[in-house]
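Structure file structure-v9.txt with compact mmCIF, C-alpha atoms:
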# COMPACT_ATOMS: atom_id res chain seq x y z
CA MET A 1 -7.77 51.66 51.46
CA THR A 2 -7.48 52.96 47.89
CA PRO A 3 -8.18 50.64 44.92
CA PHE A 4 -4.46 50.82 44.05
CA LEU A 5 -3.43 49.59 47.51
CA ALA A 6 -6.13 46.90 47.40
CA ALA A 7 -4.73 45.76 44.02
CA LEU A 8 -1.23 45.61 45.54
CA LEU A 9 -2.51 43.50 48.44
CA VAL A 10 -4.33 41.16 46.05
CA THR A 11 -1.18 40.83 43.87
CA HIS A 12 0.94 40.17 46.97
CA VAL A 13 -1.32 37.37 48.23
CA ILE A 14 -2.25 35.68 44.92
CA GLY A 15 1.33 35.95 43.58
CA GLY A 16 2.69 34.43 46.77
CA VAL A 17 0.12 31.62 46.90
CA ILE A 18 0.73 30.67 43.25
CA ALA A 19 4.51 30.69 43.90
CA ILE A 20 3.99 28.32 46.87
CA GLY A 21 1.85 26.09 44.64
CA ILE A 22 4.53 26.09 41.94
CA HIS A 23 7.15 25.00 44.47
CA ASN A 24 4.81 22.19 45.49
CA VAL A 25 4.57 21.06 41.84
CA ALA A 26 8.37 21.42 41.40
CA LEU A 27 8.96 19.29 44.50
CA MET A 28 6.55 16.59 43.26
CA HIS A 29 8.56 16.42 40.01
CA LEU A 30 11.96 16.55 41.73
CA LEU A 31 10.96 13.49 43.77
CA LYS A 32 10.74 11.45 40.55
CA LYS A 33 13.74 9.32 39.55
CA ALA A 34 14.01 10.94 36.11
CA PRO A 35 12.32 14.34 36.29
CA ASN A 36 11.70 16.68 33.37
CA TYR A 37 14.26 19.37 34.24
CA VAL A 38 13.17 21.67 31.40
CA PHE A 39 9.67 21.85 32.93
CA ILE A 40 11.04 22.17 36.49
CA SER A 41 13.43 24.99 35.62
CA ARG A 42 10.70 26.91 33.77
CA ILE A 43 8.25 26.74 36.66
CA ALA A 44 11.03 27.40 39.21
CA TRP A 45 11.89 30.69 37.43
CA ALA A 46 8.17 31.54 37.33
CA ALA A 47 8.01 30.98 41.11
CA ALA A 48 11.06 33.22 41.62
CA ALA A 49 9.47 35.98 39.49
CA LEU A 50 6.17 35.69 41.41
CA TYR A 51 7.95 35.88 44.78
CA LEU A 52 9.80 39.01 43.63
CA LEU A 53 6.48 40.52 42.48
CA SER A 54 4.81 39.55 45.75
CA TRP A 55 7.79 40.98 47.64
CA ALA A 56 7.77 44.32 45.77
CA THR A 57 3.99 44.86 46.07
CA SER A 58 3.98 44.00 49.77
CA ALA A 59 6.93 46.33 50.41
CA TYR A 60 5.09 49.29 48.85
CA TYR A 61 1.88 48.39 50.73
CA TYR A 62 3.76 48.03 54.02
CA VAL A 63 5.65 51.32 53.75
CA THR A 64 2.79 53.49 52.46
CA TYR A 65 -0.25 52.01 54.24
CA TYR A 66 0.26 49.17 56.72
CA GLY A 67 2.56 51.05 59.10
CA THR A 68 0.27 54.06 59.47
CA ALA A 69 -3.24 52.62 59.03
CA VAL A 70 -3.21 48.90 59.91
CA LYS A 71 -0.46 48.41 62.49
CA PRO A 72 -1.95 50.87 65.06
CA ARG A 73 -5.34 49.12 64.79
CA ILE A 74 -3.77 45.71 65.42
CA LEU A 75 -1.75 47.00 68.38
CA ALA A 76 -4.89 48.56 69.89
CA GLY A 77 -7.05 45.49 69.18
CA THR A 78 -7.63 42.20 70.99
CA LEU A 79 -4.71 40.40 69.34
CA PRO A 80 -1.64 42.68 69.25
CA ALA A 81 0.52 39.55 68.74
CA GLY A 82 -0.81 39.71 65.17
CA HIS A 83 1.73 42.46 64.55
CA ILE A 84 4.23 42.05 67.40
CA PHE A 85 4.96 38.40 66.69
CA PHE A 86 3.40 37.28 63.41
CA MET A 87 4.03 40.33 61.20
CA GLU A 88 7.51 40.92 62.63
CA THR A 89 8.40 37.27 62.01
CA LYS A 90 6.72 37.20 58.60
CA GLU A 91 8.41 40.32 57.27
CA HIS A 92 11.86 38.99 58.14
CA ILE A 93 11.35 35.39 57.04
CA PHE A 94 9.72 36.57 53.81
CA LEU A 95 13.01 38.31 52.91
CA VAL A 96 14.59 34.87 52.49
CA LEU A 97 11.98 33.46 50.12
CA PRO A 98 12.92 35.17 46.81
CA PHE A 99 16.57 34.14 47.32
CA LEU A 100 15.53 30.55 48.07
CA ALA A 101 13.37 30.61 44.93
CA ILE A 102 16.24 31.99 42.79
CA SER A 103 18.60 29.32 44.20
CA ILE A 104 16.09 26.58 43.31
CA ALA A 105 15.68 28.00 39.78
CA LEU A 106 19.47 28.17 39.31
CA CYS A 107 19.88 24.55 40.47
CA ALA A 108 17.05 23.42 38.17
CA SER A 109 18.64 25.27 35.22
CA TYR A 110 21.99 23.61 35.95
CA LEU A 111 20.28 20.20 36.14
CA ARG A 112 18.86 20.76 32.64
CA THR A 113 22.33 20.52 31.15
CA THR A 114 24.04 18.38 33.80
CA PRO A 115 21.69 15.85 35.43
CA ASP A 116 23.05 14.91 38.84
CA ASP A 117 21.12 12.75 41.32
CA ALA A 118 22.80 14.25 44.41
CA LEU A 119 21.96 17.78 43.23
CA ARG A 120 18.39 16.66 42.42
CA LYS A 121 17.97 15.46 46.03
CA SER A 122 19.53 18.66 47.44
CA THR A 123 17.30 20.81 45.23
CA ALA A 124 14.27 18.80 46.36
CA PHE A 125 15.26 19.42 50.00
CA LEU A 126 15.74 23.15 49.34
CA THR A 127 12.33 23.26 47.64
CA LEU A 128 10.80 21.52 50.67
CA ILE A 129 12.30 24.23 52.90
CA ALA A 130 10.97 26.97 50.58
CA LEU A 131 7.55 25.30 50.63
CA GLY A 132 7.55 25.18 54.44
CA VAL A 133 8.69 28.80 54.77
CA GLY A 134 6.12 29.87 52.15
CA ALA A 135 3.27 28.05 53.91
CA ALA A 136 4.30 29.49 57.31
CA THR A 137 4.44 32.99 55.79
CA ALA A 138 0.97 32.56 54.27
CA ALA A 139 -0.42 31.32 57.60
CA ALA A 140 1.15 34.32 59.40
CA GLY A 141 -0.45 36.62 56.81
CA ILE A 142 -3.90 35.18 57.57
CA ILE A 143 -3.35 35.71 61.30
CA VAL A 144 -2.24 39.33 60.68
CA SER A 145 -5.38 39.95 58.59
CA GLY A 146 -7.53 38.33 61.28
CA SER A 147 -6.01 40.59 63.93
CA VAL A 148 -7.23 43.81 62.25
CA MET B 1 -20.79 41.01 45.47
CA LEU B 2 -20.15 39.45 42.04
CA VAL B 3 -16.51 38.75 42.97
CA TYR B 4 -17.60 37.05 46.18
CA GLU B 5 -20.12 34.86 44.35
CA LEU B 6 -17.56 33.91 41.70
CA LEU B 7 -15.06 32.94 44.39
CA VAL B 8 -17.67 30.85 46.23
CA ILE B 9 -18.61 29.07 42.97
CA MET B 10 -14.91 28.44 42.22
CA HIS B 11 -14.43 27.14 45.78
CA ILE B 12 -17.40 24.77 45.44
CA ILE B 13 -16.21 23.52 42.02
CA GLY B 14 -12.73 22.90 43.46
CA THR B 15 -14.21 20.95 46.37
CA VAL B 16 -16.53 18.93 44.13
CA LEU B 17 -13.68 18.04 41.77
CA GLY B 18 -11.37 17.15 44.65
CA VAL B 19 -13.84 15.09 46.67
CA GLY B 20 -15.21 13.39 43.55
CA ALA B 21 -11.74 12.59 42.18
CA ALA B 22 -10.54 11.33 45.59
CA THR B 23 -13.56 9.03 45.77
CA PHE B 24 -13.12 7.74 42.23
CA ALA B 25 -9.36 7.33 42.70
CA GLU B 26 -10.18 4.84 45.46
CA ILE B 27 -12.92 3.11 43.44
CA HIS B 28 -10.71 2.85 40.34
CA TYR B 29 -7.66 1.69 42.27
CA THR B 30 -9.64 -1.00 44.12
CA ARG B 31 -11.32 -2.14 40.90
CA PHE B 32 -8.13 -2.12 38.79
CA ASN B 33 -6.02 -3.86 41.41
CA THR B 34 -8.30 -6.90 41.82
CA ASP B 35 -5.95 -8.97 39.62
CA ASP B 36 -2.81 -7.32 41.07
CA ILE B 37 -1.96 -5.97 37.61
CA ILE B 38 -2.52 -2.37 36.61
CA THR B 39 -2.48 -2.12 32.83
CA ASP B 40 -1.37 0.94 30.84
CA ASP B 41 -4.98 1.92 30.17
CA GLU B 42 -5.78 1.65 33.89
CA LYS B 43 -2.69 3.74 34.70
CA LYS B 44 -3.94 6.41 32.28
CA THR B 45 -7.37 6.42 33.94
CA LEU B 46 -5.78 6.76 37.39
CA SER B 47 -3.48 9.50 36.09
CA ILE B 48 -6.46 11.50 34.75
CA THR B 49 -8.27 11.05 38.06
CA TYR B 50 -5.24 12.39 39.98
CA THR B 51 -5.00 15.33 37.56
CA VAL B 52 -8.64 16.20 38.26
CA MET B 53 -7.92 15.93 42.00
CA ARG B 54 -4.92 18.30 41.71
CA THR B 55 -7.01 20.71 39.63
CA GLY B 56 -9.64 20.65 42.38
CA LEU B 57 -6.99 21.35 45.02
CA PHE B 58 -5.58 24.24 42.97
CA LEU B 59 -9.05 25.82 42.53
CA LEU B 60 -9.82 25.24 46.21
CA VAL B 61 -6.63 26.92 47.45
CA ILE B 62 -6.71 29.86 45.03
CA SER B 63 -10.42 30.61 45.62
CA GLY B 64 -9.89 30.05 49.36
CA PHE B 65 -7.19 32.73 49.48
CA GLY B 66 -9.40 34.90 47.26
CA LEU B 67 -12.18 34.61 49.84
CA LEU B 68 -9.74 35.46 52.64
CA LEU B 69 -8.67 38.54 50.70
CA TYR B 70 -12.29 39.49 50.14
CA MET B 71 -12.91 39.22 53.89
CA ARG B 72 -9.83 41.34 54.63
CA LEU B 73 -10.82 44.04 52.12
CA THR B 74 -14.41 44.14 53.42
CA GLU B 75 -13.19 44.14 57.05
CA TYR B 76 -15.07 40.92 57.84
CA THR B 77 -12.15 39.26 59.59
CA ASP B 78 -13.83 37.26 62.40
CA LEU B 79 -13.64 33.98 60.47
CA LEU B 80 -9.87 34.31 59.99
CA LEU B 81 -9.22 33.44 63.64
CA SER B 82 -11.98 30.80 63.93
CA GLN B 83 -10.78 27.43 65.25
CA THR B 84 -12.88 25.56 62.68
CA PHE B 85 -11.24 27.55 59.88
CA TRP B 86 -7.74 26.75 61.18
CA ALA B 87 -8.66 23.08 61.55
CA LYS B 88 -9.73 23.12 57.89
CA MET B 89 -6.46 24.82 56.89
CA THR B 90 -4.53 22.15 58.83
CA VAL B 91 -6.42 19.37 57.07
CA VAL B 92 -5.69 20.93 53.66
CA GLY B 93 -2.01 21.18 54.70
CA ILE B 94 -2.05 17.48 55.66
CA LEU B 95 -3.61 16.72 52.25
CA VAL B 96 -0.72 18.45 50.45
CA GLY B 97 1.91 16.88 52.74
CA ASN B 98 0.35 13.45 52.22
CA ALA B 99 0.59 13.87 48.42
CA LEU B 100 4.29 14.74 48.76
CA LEU B 101 4.98 11.76 51.04
CA LEU B 102 3.16 9.44 48.61
CA GLN B 103 5.20 10.83 45.72
CA ALA B 104 8.43 10.30 47.69
CA ARG B 105 7.22 6.74 48.47
CA ILE B 106 7.67 7.39 52.18
CA MET B 107 3.97 7.01 52.97
CA PRO B 108 2.46 3.49 52.56
CA LEU B 109 -0.26 3.56 49.89
CA ALA B 110 -2.96 2.15 52.19
CA VAL B 111 -2.34 4.87 54.82
CA GLY B 112 -1.97 7.61 52.20
CA ALA B 113 -5.26 6.65 50.54
CA ALA B 114 -7.11 6.79 53.87
CA VAL B 115 -5.54 10.17 54.73
CA SER B 116 -6.35 11.61 51.28
CA LEU B 117 -9.97 10.45 51.21
CA THR B 118 -10.68 11.49 54.81
CA SER B 119 -8.97 14.87 54.37
CA TRP B 120 -11.05 15.74 51.31
CA TYR B 121 -14.30 14.83 53.06
CA THR B 122 -13.23 16.62 56.26
CA ALA B 123 -12.45 19.79 54.28
CA LEU B 124 -15.89 19.49 52.64
CA VAL B 125 -17.69 19.05 55.98
CA LEU B 126 -15.76 21.83 57.74
CA GLY B 127 -16.32 24.16 54.79
CA SER B 128 -20.05 23.42 54.83
CA LEU B 129 -20.36 23.92 58.59
CA ARG B 130 -18.27 27.17 58.42
CA ASP B 131 -18.04 27.39 62.23
CA THR B 132 -18.65 24.90 65.03
CA ASN B 133 -18.53 24.84 68.81
CA ALA B 134 -15.70 22.28 68.71
CA SER B 135 -12.16 23.48 69.44
CA TYR B 136 -9.24 23.13 67.02
CA PHE B 137 -7.85 20.07 68.82
CA GLU B 138 -11.25 18.41 69.18
CA ILE B 139 -11.77 18.66 65.42
CA LEU B 140 -8.32 17.21 64.74
CA ILE B 141 -8.98 14.33 67.16
CA TYR B 142 -12.25 13.56 65.32
CA TYR B 143 -10.32 13.80 62.05
CA ALA B 144 -7.61 11.37 63.25
CA GLY B 145 -10.33 8.96 64.38
CA ALA B 146 -12.00 9.25 60.98
CA VAL B 147 -8.69 8.47 59.22
CA VAL B 148 -8.38 5.25 61.25
CA ILE B 149 -11.99 4.24 60.54
CA VAL B 150 -11.72 5.05 56.80
CA GLY B 151 -8.41 3.14 56.63
CA GLY B 152 -10.08 0.11 58.21
CA VAL B 153 -13.11 0.29 55.90
CA LEU B 154 -10.88 0.62 52.81
CA ARG B 155 -8.90 -2.40 53.97
CA LEU B 156 -12.10 -4.44 54.33
CA ILE B 157 -13.32 -3.34 50.88
CA ARG B 158 -9.99 -4.29 49.25
CA ALA B 159 -9.96 -7.60 51.12
CA HIS B 160 -13.48 -8.28 49.85
CA PHE B 161 -12.44 -7.67 46.25
CA HIS B 162 -9.09 -9.46 46.03
CA GLY B 163 -8.21 -11.26 49.21
CA PRO B 164 -6.44 -9.93 52.34
CA LYS B 165 -2.98 -11.23 51.36
CA ASN B 166 -2.78 -8.91 48.38
CA ILE B 167 -3.75 -5.66 50.10
File written out as structure tokens:
Amino acid sequence: MTPFLAALLVTHVIGGVIAIGIHNVALMHLLKKAPNYVFISRIAWAAAALYLLSWATSAYYYVTYYGTAVKPRILAGTLPAGHIFFMETKEHIFLVLPFLAISIALCASYLRTTPDDALRKSTAFLTLIALGVGAATAAAGIIVSGSV
Amino acid sequence: MLVYELLVIMHIIGTVLGVGAATFAEIHYTRFNTDDIITDDEKKTLSITYTVMRTGLFLLVISGFGLLLYMRLTEYTDLLLSQTFWAKMTVVGILVGNALLLQARIMPLAVGAAVSLTSWYTALVLGSLRDTNASYFEILIYYAGAVVIVGGVLRLIRAHFHGPKNI
């Protein structure tokens, strides 16, 4: 693996993990009765940007390296499910995450100007879903790496 | 090797902050709640303790994923499928979920405190042992048992300090 591809992989993982952490913080604040929507919307947009960065770097890594150098090793190894199930699931579910993150950021931005308790609860629920999907994606990534 | 050492140091600092803050959160809460009134100053002390705990968790998770990346890049991937490692990941997940449930006031404080304290110490022990002969489910059964025991001990300590009716 070239240093450039290694840097992409590092950006993909760290960007994604920080985005998951940000959604955790956003959810903790959204569960308050009177949250600071300015803070929530700022961090929600940061999470969306990080997911897009993580998405773009992983896409380049996948197309230029994973498919030709990593995937055949996993399929020939002791745990082919690492690609067949976990990577196939991860790469499709991960497509949803940036859109979930953008939706959360849009809701948080709207709440800044128009506080609405029902929307706060719905946004908290959406953030919980994003957190769950993010954590599952991260776990699948570890299994894929362990299958190499 | 420098990157690896830095990540290990960051991981240890995160664990120390988290375990220490979780311990002192319990000590402070028990001490402050003896008169059933938590003053503004006591709230501030508790708030700082929780901030230190969250900082520890952040350092732990970021350095943990850094170490996983290091293992992936150096092709040392055996640990990534270890049952002890996955038990530790599950415990850290429970720790985060517990914090969310406490924030949403769904989790009773007494249960949440026992889960938090036990989870931090379990993560510390599993991280120190690195790998064990125990299976994933065996470790989680031991963990569940430890949560019950810690919950009982915390209850006794609180009862000792301010009477069982106020717990």
Chain A contacts to chain B at 7 Å (only C-alpha atoms) as a VMD selection string: chain A and resid 10 28 31 142 to 143 145 to 146
Atomic separation - atom CA of Ala138 of chain A relative to atom CA of Leu9 of chain A, Å: 12.9 Å
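Across the model, the gap from atom CA of Lys32 of chain A to atom CA of Ile38 of chain B is 19.6 Å.
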Neighbour list for segment 34-44 of chain A as JSON, numbers by chain, cut-off 12 Å, all atoms listed in the file, skip fewer than 5 positions in-chain: {"A": [18, 19, 20, 21, 22, 23, 24, 25, 26, 27, 28, 29, 49, 50, 51, 98, 99, 100, 101, 102, 103, 104, 105, 106, 107, 108, 109, 110, 111, 112, 113, 114, 115, 116, 117, 119, 120, 121, 123, 124, 126, 127, 130]}
Selection near Thr15 of chain B, 9 Å with all atoms listed in the file, sequence-local residues under 2 positions removed, as a ChimeraX atom specification: /B:10-13,17-20,56-57,59-60,120,123-124
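In this model, the gap between atom CA of Ser116 of chain B and atom CA of Leu95 of chain B comes to 5.9 Å.
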Residues within 12 Å of Phe24 of chain B, only C-alpha atoms, excluding chain neighbours under 3 positions, as a list in words: Val16, Leu17, Gly18, Val19, Gly20, Ala21, Ile27, His28, Tyr29, Thr30, Arg31, Phe32, Thr45, Leu46, Ser47, Ile48, Thr49, Tyr50, Val52, Met53, Ala113, Ser116 and Leu117 of chain B
Selection: 12 Å around segment 3-5 of chain A, only C-alpha atoms, excl. self and same-chain fewer than 5 positions, as a ChimeraX atom specification: /A:10-12,57-66,69 /B:73
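Among A:Gly77, A:Gly134, A:Lys90, A:Ile84, the residue with the shortest atom-to-atom distance to Ser147 of chain A, counting only C-alpha atoms, is A:Gly77.
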Test item: which residues lie within 12 Å of (4.6, 38.4, 65.2) counting only C-alpha atoms, as a PyMOL selection string: chain A and resi 71+74-75+79-93+136-137+139-144+147
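Compared by their closest atoms to Ala87 of chain B, and using only C-alpha atoms, the residues B:Phe161, B:Tyr142, B:Tyr121, B:Tyr136 rank with B:Tyr136 nearest.
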Exercise: residues within 12 Å of coordinate (-11.0, -1.3, 55.6), counting only C-alpha atoms, as number ranges by chain: B: 26, 30, 110-111, 113-114, 146-161, 164, 167
Residue rebuild result segment 23-56 of chain B, N, CA and C atoms as an mmCIF file, in the frame of the given file:
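File written: out.cif
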data_model
loop_
_atom_site.group_PDB
_atom_site.id
_atom_site.type_symbol
_atom_site.label_atom_id
_atom_site.label_comp_id
_atom_site.auth_asym_id
_atom_site.auth_seq_id
_atom_site.Cartn_x
_atom_site.Cartn_y
_atom_site.Cartn_z
ATOM 1 N N THR B 23 -12.677 10.191 45.654
ATOM 2 C CA THR B 23 -13.560 9.030 45.770
ATOM 3 C C THR B 23 -13.321 8.055 44.615
ATOM 4 N N PHE B 24 -13.294 8.619 43.390
ATOM 5 C CA PHE B 24 -13.120 7.740 42.230
ATOM 6 C C PHE B 24 -11.695 7.188 42.127
ATOM 7 N N ALA B 25 -10.718 7.893 42.677
ATOM 8 C CA ALA B 25 -9.360 7.330 42.700
ATOM 9 C C ALA B 25 -9.365 6.034 43.499
ATOM 10 N N GLU B 26 -10.088 6.053 44.628
ATOM 11 C CA GLU B 26 -10.180 4.840 45.460
ATOM 12 C C GLU B 26 -10.950 3.734 44.740
ATOM 13 N N ILE B 27 -12.094 4.107 44.142
ATOM 14 C CA ILE B 27 -12.920 3.110 43.440
ATOM 15 C C ILE B 27 -12.125 2.485 42.294
ATOM 16 N N HIS B 28 -11.486 3.351 41.485
ATOM 17 C CA HIS B 28 -10.710 2.850 40.340
ATOM 18 C C HIS B 28 -9.551 1.967 40.799
ATOM 19 N N TYR B 29 -8.833 2.446 41.815
ATOM 20 C CA TYR B 29 -7.660 1.690 42.270
ATOM 21 C C TYR B 29 -8.086 0.306 42.779
ATOM 22 N N THR B 30 -9.159 0.273 43.579
ATOM 23 C CA THR B 30 -9.640 -1.000 44.120
ATOM 24 C C THR B 30 -10.084 -1.934 42.983
ATOM 25 N N ARG B 31 -10.804 -1.350 42.030
ATOM 26 C CA ARG B 31 -11.320 -2.140 40.900
ATOM 27 C C ARG B 31 -10.168 -2.652 40.019
ATOM 28 N N PHE B 32 -9.216 -1.757 39.710
ATOM 29 C CA PHE B 32 -8.130 -2.120 38.790
ATOM 30 C C PHE B 32 -7.147 -3.103 39.420
ATOM 31 N N ASN B 33 -7.039 -3.049 40.734
ATOM 32 C CA ASN B 33 -6.020 -3.860 41.410
ATOM 33 C C ASN B 33 -6.539 -5.240 41.820
ATOM 34 N N THR B 34 -7.740 -5.594 41.405
ATOM 35 C CA THR B 34 -8.300 -6.900 41.820
ATOM 36 C C THR B 34 -7.438 -8.063 41.318
ATOM 37 N N ASP B 35 -6.792 -7.895 40.147
ATOM 38 C CA ASP B 35 -5.950 -8.970 39.620
ATOM 39 C C ASP B 35 -4.456 -8.696 39.885
ATOM 40 N N ASP B 36 -4.190 -7.700 40.714
ATOM 41 C CA ASP B 36 -2.810 -7.320 41.070
ATOM 42 C C ASP B 36 -1.994 -6.802 39.883
ATOM 43 N N ILE B 37 -2.664 -6.533 38.778
ATOM 44 C CA ILE B 37 -1.960 -5.970 37.610
ATOM 45 C C ILE B 37 -2.682 -4.691 37.201
ATOM 46 N N ILE B 38 -1.923 -3.619 37.095
ATOM 47 C CA ILE B 38 -2.520 -2.370 36.610
ATOM 48 C C ILE B 38 -1.990 -2.138 35.203
ATOM 49 N N THR B 39 -2.886 -2.251 34.230
ATOM 50 C CA THR B 39 -2.480 -2.120 32.830
ATOM 51 C C THR B 39 -2.207 -0.649 32.481
ATOM 52 N N ASP B 40 -1.665 -0.427 31.274
ATOM 53 C CA ASP B 40 -1.370 0.940 30.840
ATOM 54 C C ASP B 40 -2.636 1.791 30.762
ATOM 55 N N ASP B 41 -3.714 1.193 30.257
ATOM 56 C CA ASP B 41 -4.980 1.920 30.170
ATOM 57 C C ASP B 41 -5.481 2.310 31.568
ATOM 58 N N GLU B 42 -5.346 1.366 32.510
ATOM 59 C CA GLU B 42 -5.780 1.650 33.890
ATOM 60 C C GLU B 42 -4.901 2.736 34.515
ATOM 61 N N LYS B 43 -3.606 2.690 34.192
ATOM 62 C CA LYS B 43 -2.690 3.740 34.700
ATOM 63 C C LYS B 43 -3.112 5.104 34.176
ATOM 64 N N LYS B 44 -3.509 5.136 32.878
ATOM 65 C CA LYS B 44 -3.940 6.410 32.280
ATOM 66 C C LYS B 44 -5.202 6.926 32.968
ATOM 67 N N THR B 45 -6.135 6.018 33.253
ATOM 68 C CA THR B 45 -7.370 6.420 33.940
ATOM 69 C C THR B 45 -7.056 6.982 35.322
ATOM 70 N N LEU B 46 -6.166 6.289 36.050
ATOM 71 C CA LEU B 46 -5.780 6.760 37.390
ATOM 72 C C LEU B 46 -5.086 8.115 37.287
ATOM 73 N N SER B 47 -4.218 8.250 36.267
ATOM 74 C CA SER B 47 -3.480 9.500 36.090
ATOM 75 C C SER B 47 -4.436 10.671 35.843
ATOM 76 N N ILE B 48 -5.465 10.436 35.018
ATOM 77 C CA ILE B 48 -6.460 11.500 34.750
ATOM 78 C C ILE B 48 -7.210 11.849 36.035
ATOM 79 N N THR B 49 -7.554 10.818 36.806
ATOM 80 C CA THR B 49 -8.270 11.050 38.060
ATOM 81 C C THR B 49 -7.428 11.909 39.007
ATOM 82 N N TYR B 50 -6.120 11.601 39.098
ATOM 83 C CA TYR B 50 -5.240 12.390 39.980
ATOM 84 C C TYR B 50 -5.089 13.816 39.454
ATOM 85 N N THR B 51 -5.088 13.978 38.121
ATOM 86 C CA THR B 51 -5.000 15.330 37.560
ATOM 87 C C THR B 51 -6.227 16.151 37.932
ATOM 88 N N VAL B 52 -7.402 15.509 37.863
ATOM 89 C CA VAL B 52 -8.640 16.200 38.260
ATOM 90 C C VAL B 52 -8.565 16.578 39.745
ATOM 91 N N MET B 53 -8.033 15.661 40.567
ATOM 92 C CA MET B 53 -7.920 15.930 42.000
ATOM 93 C C MET B 53 -6.997 17.133 42.256
ATOM 94 N N ARG B 54 -5.858 17.172 41.538
ATOM 95 C CA ARG B 54 -4.920 18.300 41.710
ATOM 96 C C ARG B 54 -5.547 19.604 41.218
ATOM 97 N N THR B 55 -6.324 19.515 40.130
ATOM 98 C CA THR B 55 -7.010 20.710 39.630
ATOM 99 C C THR B 55 -7.988 21.225 40.690
ATOM 100 N N GLY B 56 -8.707 20.285 41.310
ATOM 101 C CA GLY B 56 -9.640 20.650 42.380
ATOM 102 C C GLY B 56 -8.911 21.330 43.528
#
